[in-house]
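Colleague: Here it is: the structure, laid out below.
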Amino acid sequence: MNIVILDAMTLGDDIDLSIFESIGNLTVYQNTSLDELDERVKEAHVLIVNKVAMNENTLSNATNLKMIALTATGYNNVDLEYAKKRGIRVCNVSGYSTQSVIQHTFALMFYVFEKLNYYDNYVKSGEYTKSPMFTHFGRTFNELYDKTWGIIGLGEIGRGVANVAKAFGANVIYYSTSGKNNDSEYKRVSLEELLEMSDIVSIHAPLNEATYHLMNYEAFKQMKKNAVLINVGRGPIIDEKDLLRALKEELIAAAALDVLEVEPMLSDSVLLEIKDSDRLVITPHIAWATVEARTRLVAEVKDNIIAFMKGEERNVVV
């Protein structure tokens, strides 16, 4: 069994990939361009991939291929019809990063909610050493207790965020982007109600026709002027030009993003205009990427491959 990892850099160089050596002949490539694919896939029985396109053009030379093992939950990089026609098993991984994304949601929230960038800079600039008193009130901030936290997308991650927010004493409401989600523990509201009522709005929804640019200028106008927006879902759920406008016009207090419309970020992204990290903080799609989550991810991929070798179905997409 020849196992080929095509984009190992998406897993990080601190994760042990040698675990695959016990189940096959392992070849690891840090990154693979389209020009390199033909040669690298031709002997593979199993391809382990994250973002590399898997379709008729890229796999025509992969005559031995039996399985595509995705190191992600999403599979939009795979032509499923083509894989099905070829009899190629496609498996994904889910649930490996839930706790990581929940944790990062609160890391982003507190960073902007408590103006931590400002206070850290105040101390390190030396200004605190000149202070006539022990404290400093340069930027006001509030308690999370008794604030309203609105969640867009109450799936596994959204529900986890709701539970933590509740533990802090926040009042949790949610909007179901599919219209199918009902949770007896938390109050379901319309999007308009959520935007009008919430002090914090966090996005944990998938990207689809219903959520594309869901957060646009009209949505921002409905939010509280002291509200914080967090997106750890998918970048295109927010219209970034409209977000820039909303921040400039102070329609909302701040935004914290881990996902963007285009990743990696474009050099001419409009969001680079905002330099104040108390108003806008952006992390490079790392909410999922704790050491523990990436370790679980690789272990899950290995288990998917072992199940396939045994003729068992596990996390099968097609």
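Lettering and numbering for the structure tokens are positional, with chains as A, B, ... in the shown order, residues counted from 1 in each chain, and ligands counted from 1 in the shown order.
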Enumerate as a list in words all residues of segment 120-236 of chain A assigned to strand (DSSP E or B) by DSSP on the backbone, naming them with the chain letters and numbers the document uses.

Modeller: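 Written out, the strand (DSSP E or B) residues of segment 120-236 of chain A are Thr148, Trp149, Gly150, Ile151, Ile152, Asn171, Val172, Ile173, Tyr174, Tyr175, Lys187, Arg188, Ile200, Val201, Ser202, Ile203, Met215, Val228, Leu229, Ile230 and Asn231 of chain A.
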
Colleague: Got a sec to tell me which of segment 165-236 of chain A DSSP assigns to helix (DSSP H, G or I), as a PyMOL selection string?

Modeller: chain A and resi 165-167+191-197+217-222+235-236

Colleague: Please list as an mmCIF file with all heavy atoms, in the first residue's frame every residue within 12 Å of Asn163 of chain A, counting only C-alpha atoms and excluding residues in the same chain fewer than 3 positions away.

Modeller:
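Output file part_2.cif is given in full below:
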```cif
data_model
loop_
_atom_site.group_PDB
_atom_site.id
_atom_site.type_symbol
_atom_site.label_atom_id
_atom_site.label_comp_id
_atom_site.auth_asym_id
_atom_site.auth_seq_id
_atom_site.Cartn_x
_atom_site.Cartn_y
_atom_site.Cartn_z
ATOM 1 N N GLN A 99 -13.198 21.569 20.259
ATOM 2 C CA GLN A 99 -12.756 22.268 21.466
ATOM 3 C C GLN A 99 -11.778 23.398 21.132
ATOM 4 O O GLN A 99 -11.781 24.455 21.781
ATOM 5 C CB GLN A 99 -12.121 21.277 22.444
ATOM 6 C CG GLN A 99 -13.092 20.253 22.994
ATOM 7 C CD GLN A 99 -14.322 20.893 23.629
ATOM 8 O OE1 GLN A 99 -14.216 21.891 24.347
ATOM 9 N NE2 GLN A 99 -15.477 20.332 23.352
ATOM 10 N N ILE A 102 -13.836 26.398 19.812
ATOM 11 C CA ILE A 102 -14.543 27.027 20.938
ATOM 12 C C ILE A 102 -13.566 27.901 21.730
ATOM 13 O O ILE A 102 -13.851 29.061 22.054
ATOM 14 C CB ILE A 102 -15.168 25.956 21.848
ATOM 15 C CG1 ILE A 102 -16.307 25.228 21.122
ATOM 16 C CG2 ILE A 102 -15.688 26.582 23.150
ATOM 17 C CD1 ILE A 102 -16.803 23.985 21.839
ATOM 18 N N GLN A 103 -12.411 27.342 22.034
ATOM 19 C CA GLN A 103 -11.405 28.080 22.803
ATOM 20 C C GLN A 103 -10.977 29.345 22.072
ATOM 21 O O GLN A 103 -10.874 30.425 22.679
ATOM 22 C CB GLN A 103 -10.198 27.171 23.039
ATOM 23 C CG GLN A 103 -9.026 27.830 23.739
ATOM 24 C CD GLN A 103 -7.914 26.836 24.014
ATOM 25 O OE1 GLN A 103 -8.102 25.888 24.749
ATOM 26 N NE2 GLN A 103 -6.749 27.059 23.425
ATOM 27 N N PHE A 106 -13.334 32.370 22.205
ATOM 28 C CA PHE A 106 -13.258 33.188 23.415
ATOM 29 C C PHE A 106 -11.939 33.958 23.497
ATOM 30 O O PHE A 106 -11.907 35.072 24.047
ATOM 31 C CB PHE A 106 -13.491 32.321 24.653
ATOM 32 C CG PHE A 106 -14.945 32.003 24.841
ATOM 33 C CD1 PHE A 106 -15.504 30.898 24.223
ATOM 34 C CD2 PHE A 106 -15.761 32.839 25.575
ATOM 35 C CE1 PHE A 106 -16.853 30.617 24.348
ATOM 36 C CE2 PHE A 106 -17.115 32.578 25.709
ATOM 37 C CZ PHE A 106 -17.668 31.456 25.098
ATOM 38 N N TRP A 149 -25.359 37.064 24.102
ATOM 39 C CA TRP A 149 -24.456 36.462 23.112
ATOM 40 C C TRP A 149 -25.319 35.798 22.039
ATOM 41 O O TRP A 149 -26.030 34.847 22.315
ATOM 42 C CB TRP A 149 -23.543 35.431 23.764
ATOM 43 C CG TRP A 149 -22.445 34.926 22.873
ATOM 44 C CD1 TRP A 149 -22.580 34.339 21.655
ATOM 45 C CD2 TRP A 149 -21.035 34.953 23.140
ATOM 46 N NE1 TRP A 149 -21.360 34.003 21.137
ATOM 47 C CE2 TRP A 149 -20.390 34.364 22.023
ATOM 48 C CE3 TRP A 149 -20.257 35.398 24.217
ATOM 49 C CZ2 TRP A 149 -19.002 34.229 21.952
ATOM 50 C CZ3 TRP A 149 -18.879 35.262 24.132
ATOM 51 C CH2 TRP A 149 -18.265 34.688 23.013
ATOM 52 N N ILE A 151 -25.616 33.634 18.635
ATOM 53 C CA ILE A 151 -24.860 32.638 17.883
ATOM 54 C C ILE A 151 -25.535 32.369 16.545
ATOM 55 O O ILE A 151 -26.730 32.045 16.493
ATOM 56 C CB ILE A 151 -24.729 31.334 18.693
ATOM 57 C CG1 ILE A 151 -23.847 31.582 19.919
ATOM 58 C CG2 ILE A 151 -24.169 30.203 17.836
ATOM 59 C CD1 ILE A 151 -23.726 30.405 20.839
ATOM 60 N N LEU A 154 -26.048 26.997 15.313
ATOM 61 C CA LEU A 154 -25.932 26.271 16.575
ATOM 62 C C LEU A 154 -25.688 24.789 16.313
ATOM 63 O O LEU A 154 -26.455 23.925 16.718
ATOM 64 C CB LEU A 154 -27.186 26.462 17.440
ATOM 65 C CG LEU A 154 -27.013 26.127 18.924
ATOM 66 C CD1 LEU A 154 -26.187 27.201 19.613
ATOM 67 C CD2 LEU A 154 -28.371 25.999 19.622
ATOM 68 N N GLU A 156 -22.424 21.776 16.491
ATOM 69 C CA GLU A 156 -21.636 21.276 17.611
ATOM 70 C C GLU A 156 -20.751 22.366 18.209
ATOM 71 O O GLU A 156 -20.684 22.528 19.429
ATOM 72 C CB GLU A 156 -20.773 20.086 17.156
ATOM 73 C CG GLU A 156 -20.012 19.421 18.284
ATOM 74 C CD GLU A 156 -19.206 18.216 17.822
ATOM 75 O OE1 GLU A 156 -19.153 17.968 16.593
ATOM 76 O OE2 GLU A 156 -18.623 17.533 18.684
ATOM 77 N N ILE A 157 -20.083 23.133 17.352
ATOM 78 C CA ILE A 157 -19.223 24.203 17.845
ATOM 79 C C ILE A 157 -20.058 25.333 18.432
ATOM 80 O O ILE A 157 -19.764 25.838 19.527
ATOM 81 C CB ILE A 157 -18.306 24.719 16.725
ATOM 82 C CG1 ILE A 157 -17.304 23.634 16.321
ATOM 83 C CG2 ILE A 157 -17.571 25.986 17.161
ATOM 84 C CD1 ILE A 157 -16.479 23.966 15.099
ATOM 85 N N GLY A 158 -21.093 25.741 17.733
ATOM 86 C CA GLY A 158 -21.955 26.801 18.228
ATOM 87 C C GLY A 158 -22.554 26.474 19.579
ATOM 88 O O GLY A 158 -22.630 27.325 20.473
ATOM 89 N N ARG A 159 -22.967 25.234 19.749
ATOM 90 C CA ARG A 159 -23.542 24.809 21.032
ATOM 91 C C ARG A 159 -22.473 24.818 22.120
ATOM 92 O O ARG A 159 -22.746 25.189 23.270
ATOM 93 C CB ARG A 159 -24.159 23.419 20.906
ATOM 94 C CG ARG A 159 -25.000 23.017 22.111
ATOM 95 C CD ARG A 159 -25.730 21.715 21.876
ATOM 96 N NE ARG A 159 -26.734 21.842 20.823
ATOM 97 C CZ ARG A 159 -26.588 21.356 19.586
ATOM 98 N NH1 ARG A 159 -25.486 20.710 19.253
ATOM 99 N NH2 ARG A 159 -27.539 21.522 18.698
ATOM 100 N N GLY A 160 -21.251 24.445 21.772
ATOM 101 C CA GLY A 160 -20.159 24.495 22.744
ATOM 102 C C GLY A 160 -19.873 25.918 23.190
ATOM 103 O O GLY A 160 -19.650 26.179 24.379
ATOM 104 N N LYS A 166 -22.762 30.749 28.537
ATOM 105 C CA LYS A 166 -23.719 30.610 29.635
ATOM 106 C C LYS A 166 -23.002 30.503 30.974
ATOM 107 O O LYS A 166 -23.439 31.069 31.984
ATOM 108 C CB LYS A 166 -24.599 29.383 29.401
ATOM 109 C CG LYS A 166 -25.654 29.149 30.475
ATOM 110 C CD LYS A 166 -26.456 27.896 30.173
ATOM 111 C CE LYS A 166 -27.467 27.605 31.281
ATOM 112 N NZ LYS A 166 -28.218 26.343 30.993
ATOM 113 N N ALA A 167 -21.881 29.786 31.000
ATOM 114 C CA ALA A 167 -21.104 29.640 32.232
ATOM 115 C C ALA A 167 -20.559 30.981 32.717
ATOM 116 O O ALA A 167 -20.381 31.187 33.920
ATOM 117 C CB ALA A 167 -19.955 28.654 32.017
ATOM 118 N N PHE A 168 -20.310 31.901 31.786
ATOM 119 C CA PHE A 168 -19.878 33.247 32.150
ATOM 120 C C PHE A 168 -21.045 34.134 32.566
ATOM 121 O O PHE A 168 -20.843 35.283 32.955
ATOM 122 C CB PHE A 168 -19.143 33.907 30.972
ATOM 123 C CG PHE A 168 -17.684 33.590 30.915
ATOM 124 C CD1 PHE A 168 -17.184 32.670 30.009
ATOM 125 C CD2 PHE A 168 -16.790 34.226 31.762
ATOM 126 C CE1 PHE A 168 -15.832 32.377 29.946
ATOM 127 C CE2 PHE A 168 -15.429 33.953 31.709
ATOM 128 C CZ PHE A 168 -14.947 33.028 30.799
ATOM 129 N N GLY A 169 -22.246 33.614 32.463
ATOM 130 C CA GLY A 169 -23.416 34.382 32.862
ATOM 131 C C GLY A 169 -24.063 35.159 31.744
ATOM 132 O O GLY A 169 -24.918 36.021 31.981
ATOM 133 N N ALA A 170 -23.675 34.881 30.500
ATOM 134 C CA ALA A 170 -24.286 35.563 29.351
ATOM 135 C C ALA A 170 -25.639 34.945 29.023
ATOM 136 O O ALA A 170 -25.902 33.774 29.325
ATOM 137 C CB ALA A 170 -23.368 35.475 28.139
ATOM 138 N N ASN A 171 -26.490 35.728 28.412
ATOM 139 C CA ASN A 171 -27.778 35.256 27.921
ATOM 140 C C ASN A 171 -27.604 34.865 26.459
ATOM 141 O O ASN A 171 -27.243 35.704 25.632
ATOM 142 C CB ASN A 171 -28.841 36.351 28.043
ATOM 143 C CG ASN A 171 -28.952 36.886 29.455
ATOM 144 O OD1 ASN A 171 -29.099 36.126 30.406
ATOM 145 N ND2 ASN A 171 -28.840 38.206 29.605
ATOM 146 N N VAL A 172 -27.832 33.615 26.144
ATOM 147 C CA VAL A 172 -27.548 33.088 24.804
ATOM 148 C C VAL A 172 -28.812 32.978 23.973
ATOM 149 O O VAL A 172 -29.822 32.433 24.419
ATOM 150 C CB VAL A 172 -26.868 31.701 24.890
ATOM 151 C CG1 VAL A 172 -26.638 31.132 23.495
ATOM 152 C CG2 VAL A 172 -25.550 31.801 25.653
ATOM 153 N N ILE A 173 -28.733 33.515 22.767
ATOM 154 C CA ILE A 173 -29.782 33.328 21.764
ATOM 155 C C ILE A 173 -29.104 32.828 20.495
ATOM 156 O O ILE A 173 -27.886 32.939 20.355
ATOM 157 C CB ILE A 173 -30.568 34.631 21.480
ATOM 158 C CG1 ILE A 173 -29.604 35.741 21.014
ATOM 159 C CG2 ILE A 173 -31.347 35.078 22.718
ATOM 160 C CD1 ILE A 173 -30.305 37.051 20.643
ATOM 161 N N GLU A 185 -32.712 24.410 25.053
ATOM 162 C CA GLU A 185 -31.974 25.106 26.105
ATOM 163 C C GLU A 185 -31.776 26.586 25.797
ATOM 164 O O GLU A 185 -31.680 27.412 26.706
ATOM 165 C CB GLU A 185 -30.622 24.438 26.313
ATOM 166 C CG GLU A 185 -29.845 24.981 27.493
ATOM 167 C CD GLU A 185 -28.598 24.185 27.806
ATOM 168 O OE1 GLU A 185 -28.339 23.170 27.114
ATOM 169 O OE2 GLU A 185 -27.882 24.569 28.742
ATOM 170 N N TYR A 186 -31.714 26.935 24.501
ATOM 171 C CA TYR A 186 -31.449 28.315 24.117
ATOM 172 C C TYR A 186 -32.566 28.845 23.223
ATOM 173 O O TYR A 186 -33.200 28.086 22.493
ATOM 174 C CB TYR A 186 -30.095 28.406 23.407
ATOM 175 C CG TYR A 186 -28.960 27.925 24.273
ATOM 176 C CD1 TYR A 186 -28.295 26.731 23.974
ATOM 177 C CD2 TYR A 186 -28.573 28.636 25.400
ATOM 178 C CE1 TYR A 186 -27.255 26.281 24.780
ATOM 179 C CE2 TYR A 186 -27.538 28.177 26.210
ATOM 180 C CZ TYR A 186 -26.889 27.002 25.900
ATOM 181 O OH TYR A 186 -25.877 26.556 26.699
#
```

Colleague: Atom CA of Ser198 of chain A to atom CA of Met109 of chain A: how many Å, to one decimal?

Modeller: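 Distance reported for this atom pair: 13.5 Å.
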
Colleague: How close does each residue of segment 64-125 of chain A get to segment 35-49 of chain A, giving the shortest atom pair and distance in Å to one decimal for every residue with an atom at most 7 Å away, counting only C-alpha atoms, sorted by chain and residue number, as a tab-separated table?

Modeller:
```
residue	atom	partner	partner_atom	distance
A:Asn64	CA	A:His45	CA	5.4
A:Leu65	CA	A:His45	CA	4.3
A:Lys66	CA	A:His45	CA	5.2
A:Met67	CA	A:Val46	CA	4.8
A:Ile68	CA	A:Leu47	CA	4.9
A:Ala69	CA	A:Ile48	CA	4.7
A:Leu70	CA	A:Val49	CA	5.2
A:Thr71	CA	A:Val49	CA	6.0
```

Colleague: Contacts of Ala256 of chain A at 10 Å or less, counting only C-alpha atoms, minus same-chain residues fewer than 4 places along, as a list in words?

Modeller: Thr105, Ala107, Leu108, Met109, Phe110, Tyr111, Val112, Phe113, Ser202, Val228, Leu229, Ile230, Asn231, Val232, Ser277, Asp278, Arg279, Leu280, Val281, Ile282 and Thr283 of chain A

Colleague: Could you check how far atom CA of Glu300 of chain A sits from atom CA of Asp16 of chain A, in Å to one decimal?

Modeller: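 Between atom CA of Glu300 of chain A and atom CA of Asp16 of chain A the gap works out to 13.1 Å.
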
Colleague: For Ile5 of chain A, which residue out of A:Val298, A:Ala307, A:Val161, A:Ala254 is the nearest one, using only C-alpha atoms?

Modeller: A:Val298

Colleague: So how many Å separate atom CA of Asn117 of chain A and atom CA of Gly150 of chain A, to one decimal?

Modeller: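 Result for atom CA of Asn117 of chain A versus atom CA of Gly150 of chain A: 24.1 Å, one decimal.
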
Colleague: Quick one: residues within 8 Å of segment 9-14 of chain A, only C-alpha atoms, excluding same-chain residues fewer than 4 positions away - as a count of residues only?

Modeller: 4

Colleague: Find the spatial neighbours of Ala72 of chain A, counting only C-alpha atoms, within a cut-off of 8 Å - ignore same-chain residues fewer than 5 positions away - and output them as a list in words.

Modeller: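 So, after excluding close chain neighbours, the residues are Asn50, Asn92, Val93, Ser94 and Leu297 of chain A.
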
Colleague: List the spatial neighbours of segment 217-220 of chain A as a tab-separated table (two decimals) with C-alpha atoms, in the first residue's frame - criterion: any atom at most 7 Å away, only C-alpha atoms, same-chain residues fewer than 2 positions off excluded.

Modeller:
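Contents of part.tsv, freshly written:
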```tsv
chain	number	residue	atom	x	y	z
A	215	MET	CA	-23.33	39.78	7.24
A	222	GLN	CA	-29.08	46.46	12.69
A	223	MET	CA	-26.39	45.69	15.30
A	242	ASP	CA	-19.19	46.20	4.12
A	243	LEU	CA	-17.40	45.26	7.33
A	246	ALA	CA	-19.27	49.42	9.27
A	251	LEU	CA	-21.81	50.84	13.37
```
